[in-house]
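> model-v1.cif (mmCIF, C-alpha atoms and all ligand atoms) pasted underneath:
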```cif
data_start
loop_
_atom_site.label_atom_id
_atom_site.label_comp_id
_atom_site.auth_asym_id
_atom_site.auth_seq_id
_atom_site.Cartn_x
_atom_site.Cartn_y
_atom_site.Cartn_z
CA MET A 1 3.58 27.30 3.97
CA MET A 2 0.65 25.84 2.08
CA LYS A 3 1.52 23.13 -0.40
CA THR A 4 0.42 23.53 -3.98
CA CYS A 5 -1.25 20.94 -6.14
CA LEU A 6 -1.81 21.12 -9.87
CA VAL A 7 -4.91 19.28 -11.02
CA VAL A 8 -4.69 18.11 -14.61
CA ASP A 9 -7.90 16.83 -16.14
CA ASP A 10 -9.86 17.61 -19.28
CA SER A 11 -13.11 17.42 -17.33
CA LYS A 12 -14.05 20.61 -15.59
CA VAL A 13 -16.33 18.70 -13.23
CA ILE A 14 -13.53 16.40 -12.08
CA ARG A 15 -11.24 19.37 -11.58
CA LYS A 16 -13.86 20.99 -9.43
CA VAL A 17 -14.36 17.90 -7.30
CA ALA A 18 -10.61 17.48 -6.88
CA ARG A 19 -10.19 21.15 -6.02
CA HIS A 20 -12.81 20.85 -3.34
CA ILE A 21 -11.12 17.87 -1.71
CA LEU A 22 -7.66 19.42 -2.00
CA GLU A 23 -8.79 22.62 -0.39
CA THR A 24 -10.06 20.71 2.62
CA LEU A 25 -6.57 19.17 2.78
CA GLU A 26 -5.20 22.73 2.81
CA PHE A 27 -3.61 22.75 -0.60
CA THR A 28 -3.41 25.74 -2.87
CA VAL A 29 -4.85 24.46 -6.14
CA THR A 30 -4.07 25.31 -9.74
CA GLU A 31 -5.65 23.65 -12.75
CA ALA A 32 -4.79 22.57 -16.27
CA GLY A 33 -7.05 21.04 -18.94
CA ASP A 34 -4.41 19.05 -20.79
CA GLY A 35 -0.81 17.88 -20.59
CA GLN A 36 0.64 20.79 -22.52
CA GLU A 37 -1.00 23.34 -20.27
CA ALA A 38 0.14 21.30 -17.27
CA LEU A 39 3.72 21.46 -18.43
CA ASP A 40 3.47 25.24 -18.69
CA ARG A 41 2.05 25.43 -15.18
CA CYS A 42 4.88 23.26 -13.84
CA ARG A 43 7.43 25.63 -15.35
CA ALA A 44 5.62 28.71 -14.05
CA ASP A 45 4.39 27.69 -10.59
CA SER A 46 6.51 24.66 -9.62
CA PRO A 47 3.73 22.85 -7.73
CA ASP A 48 4.62 20.34 -5.01
CA VAL A 49 2.41 17.67 -6.49
CA VAL A 50 0.50 17.00 -9.71
CA LEU A 51 -2.73 15.05 -9.79
CA LEU A 52 -2.69 13.78 -13.34
CA ASP A 53 -5.50 12.38 -15.44
CA TRP A 54 -4.51 9.63 -17.81
CA ASN A 55 -6.69 10.14 -20.86
CA MET A 56 -6.57 13.68 -22.15
CA PRO A 57 -6.57 15.32 -25.53
CA VAL A 58 -3.57 17.33 -26.78
CA MET A 59 -1.08 15.62 -24.50
CA SER A 60 -1.96 12.45 -22.59
CA GLY A 61 -0.82 11.68 -19.08
CA ILE A 62 1.98 9.43 -20.25
CA GLU A 63 3.22 12.00 -22.77
CA PHE A 64 3.15 14.59 -20.04
CA LEU A 65 5.27 12.41 -17.76
CA ARG A 66 7.82 11.82 -20.48
CA ALA A 67 7.97 15.52 -21.28
CA LEU A 68 8.27 16.37 -17.59
CA GLY A 69 11.22 14.01 -17.36
CA GLN A 70 12.98 16.03 -20.06
CA GLU A 71 12.45 19.35 -18.32
CA ALA A 72 15.27 20.97 -16.40
CA LEU A 73 13.16 21.98 -13.39
CA ASP A 74 14.72 23.05 -10.09
CA HIS A 75 12.03 21.22 -8.29
CA ARG A 76 10.35 18.22 -9.87
CA PRO A 77 6.81 17.82 -8.57
CA LYS A 78 5.59 14.47 -7.29
CA VAL A 79 3.06 12.98 -9.68
CA ILE A 80 0.01 10.98 -8.70
CA PHE A 81 -1.83 9.71 -11.71
CA CYS A 82 -5.56 9.10 -11.73
CA THR A 83 -7.23 6.48 -13.79
CA THR A 84 -10.54 4.72 -14.22
CA GLU A 85 -8.87 1.45 -15.28
CA ASN A 86 -7.15 -0.70 -12.72
CA GLY A 87 -5.26 -2.98 -15.11
CA ILE A 88 -1.85 -3.85 -13.73
CA ALA A 89 -0.16 -3.28 -17.10
CA HIS A 90 -1.64 0.16 -17.24
CA ILE A 91 -0.47 1.06 -13.74
CA ARG A 92 2.99 -0.33 -14.37
CA ALA A 93 3.29 1.74 -17.56
CA ALA A 94 2.54 4.90 -15.61
CA ILE A 95 5.06 4.08 -12.88
CA ASP A 96 7.68 3.24 -15.51
CA ALA A 97 7.00 6.58 -17.17
CA GLY A 98 7.80 8.33 -13.88
CA ALA A 99 4.59 8.60 -11.85
CA ASP A 100 5.14 8.33 -8.08
CA GLU A 101 1.73 7.02 -7.12
CA TYR A 102 -1.63 6.26 -8.64
CA VAL A 103 -5.22 6.64 -7.54
CA MET A 104 -8.40 5.19 -9.00
CA LYS A 105 -11.27 7.46 -9.87
CA PRO A 106 -13.56 8.24 -8.21
CA PHE A 107 -11.39 8.92 -5.18
CA ASP A 108 -12.30 10.19 -1.74
CA ARG A 109 -10.52 12.48 0.65
CA GLU A 110 -8.95 9.76 2.80
CA THR A 111 -7.55 7.89 -0.16
CA LEU A 112 -6.06 11.01 -1.62
CA GLU A 113 -4.64 12.03 1.71
CA SER A 114 -2.98 8.63 2.11
CA LYS A 115 -1.40 9.02 -1.33
CA PHE A 116 -0.06 12.47 -0.46
CA GLN A 117 1.50 11.00 2.65
CA LEU A 118 3.14 8.30 0.58
CA VAL A 119 4.77 10.77 -1.76
CA GLY A 120 5.74 12.97 1.16
CA VAL A 121 3.63 16.07 0.55
CA ALA A 122 1.04 15.70 3.29
CA MET B 123 -37.68 2.88 11.37
CA GLU B 124 -36.62 4.17 14.75
CA ILE B 125 -34.76 2.18 17.33
CA SER B 126 -35.95 2.70 20.90
CA ASP B 127 -33.67 3.74 23.75
CA GLY B 128 -34.49 0.48 25.48
CA SER B 129 -33.24 -1.53 22.51
CA VAL B 130 -30.08 0.54 22.31
CA ARG B 131 -29.42 -0.19 25.98
CA ILE B 132 -29.87 -3.92 25.41
CA LEU B 133 -27.56 -3.88 22.42
CA ALA B 134 -24.98 -1.81 24.24
CA ALA B 135 -24.97 -4.27 27.13
CA LEU B 136 -24.57 -7.21 24.76
CA LEU B 137 -21.76 -5.54 22.84
CA GLU B 138 -19.87 -4.48 25.92
CA ALA B 139 -20.17 -7.87 27.59
CA ARG B 140 -18.88 -9.68 24.54
CA THR B 141 -16.27 -7.26 23.22
CA GLY B 142 -15.53 -4.55 25.75
CA GLN B 143 -16.62 -1.95 23.21
CA GLN B 144 -18.97 0.74 24.47
CA LEU B 145 -21.78 1.93 22.30
CA ALA B 146 -22.39 5.10 24.24
CA HIS B 147 -20.60 7.22 21.66
CA ALA B 148 -22.63 5.90 18.74
CA ARG B 149 -25.56 7.81 17.37
CA HIS B 150 -28.83 5.96 16.93
CA TRP B 151 -28.81 6.41 13.18
CA ARG B 152 -25.42 4.73 12.99
CA ILE B 153 -26.67 1.74 14.91
CA GLU B 154 -29.68 1.53 12.65
CA ALA B 155 -27.54 1.77 9.54
CA ALA B 156 -25.28 -1.00 10.78
CA LEU B 157 -28.19 -3.33 11.53
CA ARG B 158 -30.41 -2.55 8.57
CA PRO B 159 -29.06 -5.34 6.32
CA LEU B 160 -29.70 -7.90 9.07
CA MET B 161 -33.16 -6.51 9.60
CA ALA B 162 -33.96 -6.88 5.90
CA GLU B 163 -32.53 -10.37 5.74
CA LEU B 164 -34.57 -11.57 8.68
CA GLN B 165 -37.62 -9.67 7.54
CA ALA B 166 -37.98 -8.13 10.96
CA VAL B 167 -40.82 -5.61 11.03
CA SER B 168 -38.91 -3.05 13.06
CA MET B 169 -35.53 -2.41 14.66
CA ASP B 170 -36.98 -3.29 18.01
CA ALA B 171 -38.33 -6.56 16.62
CA LEU B 172 -34.85 -7.32 15.32
CA ILE B 173 -33.28 -6.63 18.68
CA SER B 174 -35.80 -8.98 20.34
CA LYS B 175 -34.85 -11.71 17.89
CA ILE B 176 -31.16 -11.10 18.55
CA VAL B 177 -31.47 -11.36 22.30
CA SER B 178 -34.07 -14.16 22.34
CA GLY B 179 -31.29 -16.70 21.86
CA GLU B 180 -33.32 -18.64 19.27
CA ASN B 181 -30.42 -18.31 16.87
CA ALA B 182 -27.01 -18.16 18.53
CA ARG B 183 -25.23 -16.96 15.41
CA LEU B 184 -27.51 -13.98 15.19
CA SER B 185 -25.96 -12.15 18.10
CA ASP B 186 -22.50 -12.78 16.63
CA ARG B 187 -23.61 -11.25 13.38
CA ALA B 188 -25.18 -8.27 15.09
CA ILE B 189 -21.98 -7.68 17.04
CA ASP B 190 -19.93 -7.99 13.90
CA ALA B 191 -22.13 -5.42 12.22
CA LEU B 192 -21.78 -3.01 15.13
CA LEU B 193 -18.00 -3.21 15.35
CA ASN B 194 -15.87 -0.80 13.40
CA HIS B 195 -13.53 -2.82 11.19
CA GLU B 196 -11.95 0.09 9.40
CA THR B 197 -8.33 -0.41 8.55
CA PHE B 198 -5.85 0.17 5.76
CA PHE B 199 -2.32 -0.64 4.70
CA PHE B 200 0.51 1.37 6.32
CA ARG B 201 -2.01 3.21 8.47
CA ASP B 202 -0.03 6.08 10.06
CA ILE B 203 2.97 5.41 7.90
CA ALA B 204 5.24 7.54 10.10
CA SER B 205 4.53 5.21 13.03
CA PHE B 206 5.44 2.19 10.94
CA ARG B 207 8.72 3.82 9.98
CA LEU B 208 9.39 4.43 13.64
CA LEU B 209 8.52 0.85 14.47
CA ASP B 210 10.88 -0.34 11.78
CA THR B 211 13.86 1.86 12.60
CA GLN B 212 13.51 1.97 16.40
CA GLY B 213 11.28 -0.78 17.78
CA LEU B 214 12.15 -3.64 15.47
CA GLU B 215 15.77 -2.60 15.37
CA ARG B 216 16.07 -2.72 19.14
CA ILE B 217 14.54 -6.19 19.20
CA ARG B 218 16.77 -7.32 16.33
CA VAL B 219 19.88 -6.36 18.26
CA ALA B 220 18.60 -7.89 21.49
CA ARG B 221 17.64 -11.19 19.85
CA GLU B 222 20.77 -11.62 17.77
CA ALA B 223 21.58 -14.87 19.58
CA THR B 224 18.25 -16.61 19.01
CA ARG B 225 17.18 -14.88 15.83
CA ARG B 226 13.58 -15.40 16.68
CA LEU B 227 10.95 -12.69 16.38
CA ARG B 228 7.27 -12.96 17.20
CA ILE B 229 4.78 -10.21 16.43
CA TRP B 230 1.13 -10.05 17.44
CA SER B 231 -1.35 -7.77 15.76
CA ALA B 232 -4.30 -7.73 18.16
CA GLY B 233 -7.54 -6.55 16.54
CA CYS B 234 -6.12 -6.88 13.04
CA SER B 235 -9.50 -6.68 11.29
CA THR B 236 -9.16 -7.78 7.63
CA GLY B 237 -5.40 -8.17 7.76
CA GLN B 238 -3.96 -5.01 6.22
CA GLU B 239 -1.91 -4.27 9.34
CA VAL B 240 -0.48 -7.78 9.37
CA TYR B 241 0.51 -7.68 5.71
CA THR B 242 2.03 -4.24 6.28
CA LEU B 243 4.33 -5.81 8.88
CA ALA B 244 5.14 -8.67 6.53
CA MET B 245 6.07 -6.17 3.80
CA LEU B 246 8.30 -4.18 6.17
CA ILE B 247 10.24 -7.34 6.90
CA ALA B 248 10.18 -8.87 3.42
CA ASP B 249 11.60 -5.66 1.98
CA GLN B 250 14.74 -6.14 4.01
CA ARG B 251 15.89 -9.66 3.29
CA GLU B 252 19.48 -9.06 4.33
CA ARG B 253 18.60 -7.54 7.64
CA TRP B 254 16.41 -10.49 8.59
CA ARG B 255 18.34 -13.27 6.92
CA GLY B 256 18.41 -16.42 9.05
CA TRP B 257 15.60 -15.22 11.31
CA SER B 258 12.55 -17.21 12.20
CA ILE B 259 9.67 -14.77 12.20
CA ASP B 260 6.02 -15.28 13.15
CA ILE B 261 3.42 -12.62 12.59
CA VAL B 262 0.12 -13.51 14.20
CA GLY B 263 -3.03 -11.53 13.49
CA THR B 264 -6.06 -11.93 15.72
CA ASP B 265 -9.52 -10.42 15.77
CA LEU B 266 -12.79 -11.11 17.47
CA SER B 267 -14.60 -11.16 14.17
CA ALA B 268 -14.55 -14.53 12.41
CA GLN B 269 -15.62 -12.84 9.21
CA ALA B 270 -12.73 -10.38 9.32
CA ILE B 271 -10.25 -13.18 10.06
CA GLU B 272 -11.53 -15.20 7.14
CA ARG B 273 -10.96 -12.25 4.83
CA ALA B 274 -7.53 -11.62 6.33
CA ARG B 275 -6.53 -15.21 5.64
CA GLU B 276 -7.75 -14.97 2.10
CA GLY B 277 -5.72 -11.81 1.57
CA ARG B 278 -7.80 -10.56 -1.30
CA TYR B 279 -8.62 -6.87 -1.47
CA SER B 280 -10.86 -4.64 -3.53
CA GLN B 281 -9.60 -1.74 -5.57
CA PHE B 282 -10.77 0.61 -2.84
CA GLU B 283 -8.94 -1.27 -0.10
CA ILE B 284 -5.76 -1.80 -2.06
CA GLN B 285 -5.23 1.82 -2.80
CA ARG B 286 -5.70 3.07 0.73
CA GLY B 287 -2.25 3.58 2.17
CA LEU B 288 -0.43 0.99 0.09
CA PRO B 289 2.43 2.36 -2.00
CA VAL B 290 1.91 1.46 -5.65
CA VAL B 291 5.34 -0.14 -5.82
CA GLN B 292 4.33 -2.54 -3.07
CA MET B 293 1.10 -3.27 -4.85
CA LEU B 294 2.92 -4.18 -8.02
CA ARG B 295 5.53 -6.20 -6.15
CA ARG B 296 3.39 -8.02 -3.62
CA PHE B 297 -0.04 -8.48 -5.17
CA ASP B 298 -1.49 -10.26 -8.16
CA GLN B 299 -4.49 -8.90 -9.91
CA ILE B 300 -7.39 -11.32 -10.12
CA GLU B 301 -10.20 -9.81 -12.11
CA ARG B 302 -11.10 -6.67 -10.18
CA GLU B 303 -9.39 -7.69 -6.98
CA TRP B 304 -5.87 -7.95 -5.67
CA GLN B 305 -4.45 -11.08 -4.10
CA VAL B 306 -1.55 -10.85 -1.69
CA SER B 307 1.43 -12.96 -2.76
CA ASP B 308 2.18 -16.40 -1.34
CA ASP B 309 5.51 -15.12 0.04
CA LEU B 310 3.73 -12.73 2.35
CA ARG B 311 1.01 -15.19 3.22
CA ALA B 312 3.64 -17.68 4.30
CA MET B 313 4.94 -15.18 6.87
CA VAL B 314 1.64 -14.65 8.66
CA SER B 315 -1.11 -16.56 10.42
CA PHE B 316 -4.53 -15.55 11.63
CA ARG B 317 -6.94 -16.73 14.29
CA THR B 318 -10.02 -15.46 16.05
CA HIS B 319 -9.36 -14.21 19.54
CA ASN B 320 -11.13 -12.00 22.01
CA LEU B 321 -8.96 -9.48 23.82
CA LEU B 322 -11.09 -9.95 26.92
CA SER B 323 -9.70 -13.50 27.22
CA SER B 324 -6.12 -14.66 27.86
CA PRO B 325 -3.61 -13.84 25.14
CA PRO B 326 -2.70 -16.39 22.46
CA PRO B 327 0.02 -18.83 23.56
CA GLY B 328 3.67 -17.84 23.69
CA MET B 329 5.44 -14.53 24.14
CA PHE B 330 5.45 -11.69 21.63
CA ASP B 331 8.39 -9.33 21.19
CA VAL B 332 6.21 -6.80 19.44
CA VAL B 333 2.49 -6.23 19.93
CA LEU B 334 0.32 -3.94 17.87
CA CYS B 335 -3.05 -3.06 19.34
CA ARG B 336 -4.21 -0.16 17.25
CA ASN B 337 -7.55 1.58 17.09
CA VAL B 338 -9.16 -1.18 19.11
CA LEU B 339 -9.19 0.03 22.71
CA LEU B 340 -10.62 3.47 21.93
CA TYR B 341 -14.13 2.59 22.96
CA PHE B 342 -13.32 0.34 25.89
CA SER B 343 -14.21 1.53 29.36
CA ALA B 344 -11.20 2.65 31.39
CA GLU B 345 -11.50 -0.41 33.56
CA VAL B 346 -11.58 -2.93 30.72
CA ARG B 347 -8.82 -1.11 28.90
CA GLY B 348 -6.60 -1.41 31.96
CA LEU B 349 -7.38 -5.11 32.13
CA VAL B 350 -6.51 -5.63 28.47
CA PHE B 351 -3.22 -3.73 28.80
CA GLY B 352 -2.37 -6.04 31.69
CA ARG B 353 -3.11 -9.12 29.59
CA ILE B 354 -1.04 -7.81 26.71
CA ALA B 355 1.85 -7.05 29.06
CA SER B 356 1.72 -10.62 30.34
CA ALA B 357 2.34 -11.87 26.79
CA MET B 358 5.45 -9.72 26.31
CA PRO B 359 9.03 -10.04 27.49
CA GLU B 360 10.53 -7.23 29.57
CA ASP B 361 11.96 -5.47 26.54
CA GLY B 362 8.97 -5.97 24.23
CA VAL B 363 7.53 -3.18 22.14
CA LEU B 364 3.87 -2.12 22.13
CA MET B 365 2.54 -0.04 19.28
CA LEU B 366 -0.80 1.77 19.56
CA GLY B 367 -2.74 3.80 17.02
CA ALA B 368 -1.49 7.28 16.19
CA GLY B 369 -4.07 8.99 18.39
CA GLU B 370 -3.84 6.60 21.32
CA THR B 371 -1.78 6.51 24.49
CA VAL B 372 -1.24 4.33 27.53
CA MET B 373 -0.98 7.37 29.75
CA GLY B 374 -3.58 7.38 32.45
CA HIS B 375 -4.83 3.95 31.37
CA THR B 376 -2.27 1.53 32.70
CA ASP B 377 0.82 1.19 34.84
CA HIS B 378 2.10 -1.67 32.75
CA PHE B 379 3.58 0.44 29.96
CA VAL B 380 5.60 3.59 29.51
CA SER B 381 6.37 5.64 26.47
CA ASP B 382 9.37 4.19 24.67
CA TYR B 383 12.14 6.80 24.53
CA GLU B 384 9.73 9.56 23.69
CA CYS B 385 9.00 7.81 20.44
CA ARG B 386 5.43 8.67 19.76
CA GLY B 387 3.19 5.65 19.51
CA LEU B 388 5.69 3.10 20.81
CA TYR B 389 5.62 1.83 24.38
CA ARG B 390 7.50 -0.64 26.51
CA LYS B 391 6.87 -2.36 29.76
CA ARG B 392 7.49 -0.35 32.87
CA ILE B 393 10.57 -1.68 34.59
CA HIS B 394 12.66 -0.26 37.37
CA ALA B 395 15.97 0.50 35.71
CA PRO B 396 16.30 1.63 32.11
CA LEU B 397 17.91 -0.98 29.87
CA ARG B 398 19.75 1.62 27.91
CA PRO B 399 19.92 5.39 27.97
CA PRO B 400 17.25 7.14 25.95
CA VAL B 401 18.07 7.70 22.29
CA GLU B 402 16.86 10.42 20.02
CA CYS B 403 13.86 9.48 17.91
CA ALA B 404 13.93 9.82 14.17
CA ALA B 405 11.87 12.74 12.95
CA ARG B 406 8.32 11.80 12.15
C1 LIG A 501 -10.95 -0.23 13.78
S1 LIG A 501 -10.33 -1.87 13.61
C2 LIG A 501 -8.58 -1.57 13.67
C3 LIG A 501 -7.80 -2.48 12.75
C4 LIG A 501 -6.29 -2.24 12.75
N1 LIG A 501 -5.70 -2.58 14.02
C5 LIG A 501 -5.96 -0.80 12.41
O1 LIG A 501 -5.56 -0.05 13.26
O2 LIG A 501 -6.12 -0.43 11.24
C6 LIG A 501 -10.71 -2.56 15.20
C7 LIG A 501 -10.83 -4.09 15.22
O3 LIG A 501 -10.83 -4.54 16.57
C8 LIG A 501 -11.67 -5.66 16.67
N2 LIG A 501 -12.10 -5.81 18.06
C9 LIG A 501 -12.97 -5.06 18.76
N3 LIG A 501 -13.11 -5.53 20.02
C10 LIG A 501 -12.29 -6.62 20.12
C11 LIG A 501 -12.01 -7.55 21.14
N4 LIG A 501 -12.59 -7.46 22.35
N5 LIG A 501 -11.14 -8.53 20.88
C12 LIG A 501 -10.54 -8.64 19.67
N6 LIG A 501 -10.78 -7.80 18.66
C13 LIG A 501 -11.65 -6.80 18.87
C14 LIG A 501 -12.80 -5.34 15.72
O4 LIG A 501 -13.44 -6.54 15.28
C15 LIG A 501 -12.09 -4.61 14.58
O5 LIG A 501 -11.77 -5.47 13.51
#
```
Could you rewrite the structure in this file as structure tokens?

Amino acid sequence: MMKTCLVVDDSKVIRKVARHILETLEFTVTEAGDGQEALDRCRADSPDVVLLDWNMPVMSGIEFLRALGQEALDHRPKVIFCTTENGIAHIRAAIDAGADEYVMKPFDRETLESKFQLVGVA
Amino acid sequence: MEISDGSVRILAALLEARTGQQLAHARHWRIEAALRPLMAELQAVSMDALISKIVSGENARLSDRAIDALLNHETFFFRDIASFRLLDTQGLERIRVAREATRRLRIWSAGCSTGQEVYTLAMLIADQRERWRGWSIDIVGTDLSAQAIERAREGRYSQFEIQRGLPVVQMLRRFDQIEREWQVSDDLRAMVSFRTHNLLSSPPPGMFDVVLCRNVLLYFSAEVRGLVFGRIASAMPEDGVLMLGAGETVMGHTDHFVSDYECRGLYRKRIHAPLRPPVECAAR
């Protein structure tokens, strides 16, 4: 069965780029423009993995992770968070909040694929 | 700026003589792209003029640099992570049991490029302190490229390099951030050593229980590949473990090694009687 990935980013362009890469990696892709919408999608579609932007309006990446932690989901998706900052404090905060992996933007196919392997969805 | 077929032939001969790598698979544009920086630096008027300079011998370091530019140094942490898990649970475990009396383990990463493979091994071991307590462990990384070895020793990686293959938890645990780069910790650096070495020459001194030679022999001619496998075998004890790249095999290339218990990617020396009955491999 094809794995599903939810792309969460407030930029439509980034979502499109990510979708393109994910489709070449044979993922079924769904999208959300903010954390709140992402949470709804997780409840409705239970994706295998979430590619999560860090800075978003409405609900930021970190708020999303905390909210996801509170959810009683049958199947908690793996979360890879994407950021443009590579500060160690920043990365640690995301991992502490429950992210499984991180990837710096802009990312390429190989990098993303290696991250999917690490979280066990490739 | 086109490179002529004649120049490509000269380069190919130089590369193969020095490294064993064949250029036949490479497209002309790739060769040009690899050499363009050198061409600009030397203000050569054309690719062919550059090649003449390289082979003229007027500057000995020039051919080294050209070769370095033509070699593929691509690597990343935990490359083929499933193979590393297999190495850890099967290959290293077998050696650990067999060497219980001496508690000495030597690993050679041949063609280690900028060191990611070597630090991956160091992490595998450092993560399991109890299992390896009291062991004396050497991990030796070698590569033909002096530039790659220098970088490996330094152990400092860019954001791009650090995020390829390396689990974030390892990054946080084993690396320090220095400005925009990531420096491998002193603990890991203390476990490893690096030196330049050409696989066409005799192996580094001593015997190695585990040898990794991954994504290096792909472009060797069958003949040279067989020779190199023989050299590697001579540096390994009877029960040593050889690990190749995920897409590589010894089959049809050498009589020195056989597949290790059906475990994909791990090999052992061919001997007459099995040391132990085959065991099931962990799922990949
Ligand atoms: C593609 S990299 C592979 C690095 C690492 N083993 C991996 O699998 O990720 C191949 C390396 O082999 C080195 N190499 C090529 N020919 C060699 C030779 N004859 N002796 C030693 N190293 C060689 C190159 O310099 C390059 O760094």
> Smallest atom-to-atom distance to ligand LIG 501 (chain A): which of B:Met329, B:Leu193, B:Leu288, B:Leu364, using all atoms listed in the file?
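Looking at the shortest contact to ligand LIG 501 (chain A), the residue is B:Leu193.
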> List all protein, DNA and RNA residues that have at least one atom no more than 6 Å from any atom of ligand LIG 501 (chain A), counting only C-alpha atoms and all ligand atoms, and write them as a list in words.
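Checked against 6 Å with only C-alpha atoms and all ligand atoms; the hits are Thr141, Gly142, Gln143, Leu193, Asn194, His195, Glu196, Thr197, Phe198, Gly233, Cys234, Ser235, Glu239, Asp265, Leu266, Ser267, His319, Asn320, Leu321, Leu322, Cys335, Arg336, Asn337 and Val338 of chain B.
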> Generate a file of the selected residues that holds C-alpha atoms, formatted as an mmCIF file, in the frame of the given file.

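Generated output (part-v2.cif):
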```cif
data_model
loop_
_atom_site.group_PDB
_atom_site.id
_atom_site.type_symbol
_atom_site.label_atom_id
_atom_site.label_comp_id
_atom_site.auth_asym_id
_atom_site.auth_seq_id
_atom_site.Cartn_x
_atom_site.Cartn_y
_atom_site.Cartn_z
ATOM 1 C CA THR B 141 -16.270 -7.260 23.220
ATOM 2 C CA GLY B 142 -15.530 -4.550 25.750
ATOM 3 C CA GLN B 143 -16.620 -1.950 23.210
ATOM 4 C CA LEU B 193 -18.000 -3.210 15.350
ATOM 5 C CA ASN B 194 -15.870 -0.800 13.400
ATOM 6 C CA HIS B 195 -13.530 -2.820 11.190
ATOM 7 C CA GLU B 196 -11.950 0.090 9.400
ATOM 8 C CA THR B 197 -8.330 -0.410 8.550
ATOM 9 C CA PHE B 198 -5.850 0.170 5.760
ATOM 10 C CA GLY B 233 -7.540 -6.550 16.540
ATOM 11 C CA CYS B 234 -6.120 -6.880 13.040
ATOM 12 C CA SER B 235 -9.500 -6.680 11.290
ATOM 13 C CA GLU B 239 -1.910 -4.270 9.340
ATOM 14 C CA ASP B 265 -9.520 -10.420 15.770
ATOM 15 C CA LEU B 266 -12.790 -11.110 17.470
ATOM 16 C CA SER B 267 -14.600 -11.160 14.170
ATOM 17 C CA HIS B 319 -9.360 -14.210 19.540
ATOM 18 C CA ASN B 320 -11.130 -12.000 22.010
ATOM 19 C CA LEU B 321 -8.960 -9.480 23.820
ATOM 20 C CA LEU B 322 -11.090 -9.950 26.920
ATOM 21 C CA CYS B 335 -3.050 -3.060 19.340
ATOM 22 C CA ARG B 336 -4.210 -0.160 17.250
ATOM 23 C CA ASN B 337 -7.550 1.580 17.090
ATOM 24 C CA VAL B 338 -9.160 -1.180 19.110
#
```
> For chain B versus chain A, which residues have an atom no more than 9 Å away, and what is each residue's nearest atom pair and distance in Å rounded to one decimal, using all atoms listed in the file, chain-then-number order, as JSON lines?

```
{"residue": "B:Arg201", "atom": "CA", "partner": "A:Ser114", "partner_atom": "CA", "distance": 8.4}
{"residue": "B:Asp202", "atom": "CA", "partner": "A:Ser114", "partner_atom": "CA", "distance": 8.9}
{"residue": "B:Ile203", "atom": "CA", "partner": "A:Gln117", "partner_atom": "CA", "distance": 7.8}
{"residue": "B:Gln281", "atom": "CA", "partner": "A:Asn86", "partner_atom": "CA", "distance": 7.6}
{"residue": "B:Phe282", "atom": "CA", "partner": "A:Met104", "partner_atom": "CA", "distance": 8.0}
{"residue": "B:Gln285", "atom": "CA", "partner": "A:Val103", "partner_atom": "CA", "distance": 6.8}
{"residue": "B:Arg286", "atom": "CA", "partner": "A:Thr111", "partner_atom": "CA", "distance": 5.2}
{"residue": "B:Gly287", "atom": "CA", "partner": "A:Ser114", "partner_atom": "CA", "distance": 5.1}
{"residue": "B:Leu288", "atom": "CA", "partner": "A:Leu118", "partner_atom": "CA", "distance": 8.1}
{"residue": "B:Pro289", "atom": "CA", "partner": "A:Leu118", "partner_atom": "CA", "distance": 6.5}
{"residue": "B:Val290", "atom": "CA", "partner": "A:Glu101", "partner_atom": "CA", "distance": 5.8}
{"residue": "B:Val291", "atom": "CA", "partner": "A:Glu101", "partner_atom": "CA", "distance": 8.1}
{"residue": "B:Leu294", "atom": "CA", "partner": "A:Arg92", "partner_atom": "CA", "distance": 7.4}
{"residue": "B:Asp298", "atom": "CA", "partner": "A:Ile88", "partner_atom": "CA", "distance": 8.5}
{"residue": "B:Gln299", "atom": "CA", "partner": "A:Ile88", "partner_atom": "CA", "distance": 6.9}
{"residue": "B:Glu301", "atom": "CA", "partner": "A:Gly87", "partner_atom": "CA", "distance": 8.9}
{"residue": "B:Arg302", "atom": "CA", "partner": "A:Asn86", "partner_atom": "CA", "distance": 7.6}
```
> Atom CA of Gly387 of chain B to atom CA of Ala368 of chain B: how many Å, to one decimal?
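Atom CA of Gly387 of chain B sits 6.0 Å away from atom CA of Ala368 of chain B.
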> Atom CA of Val167 of chain B and atom CA of Leu137 of chain B are how many Å apart?
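Separation between atom CA of Val167 of chain B and atom CA of Leu137 of chain B: 22.4 Å.
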> In Å, how far is it from atom CA of Trp54 of chain A to atom CA of Arg66 of chain A?
12.8 Å
> Do you know which residues lie at most 6 Å from (-35.7, -1.5, 11.1), with coordinates as in the file and only C-alpha atoms counted, and could you write them as a list in words?
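Final list of nearby residues, as requested, is Met123, Arg158, Met161, Ser168 and Met169 of chain B.
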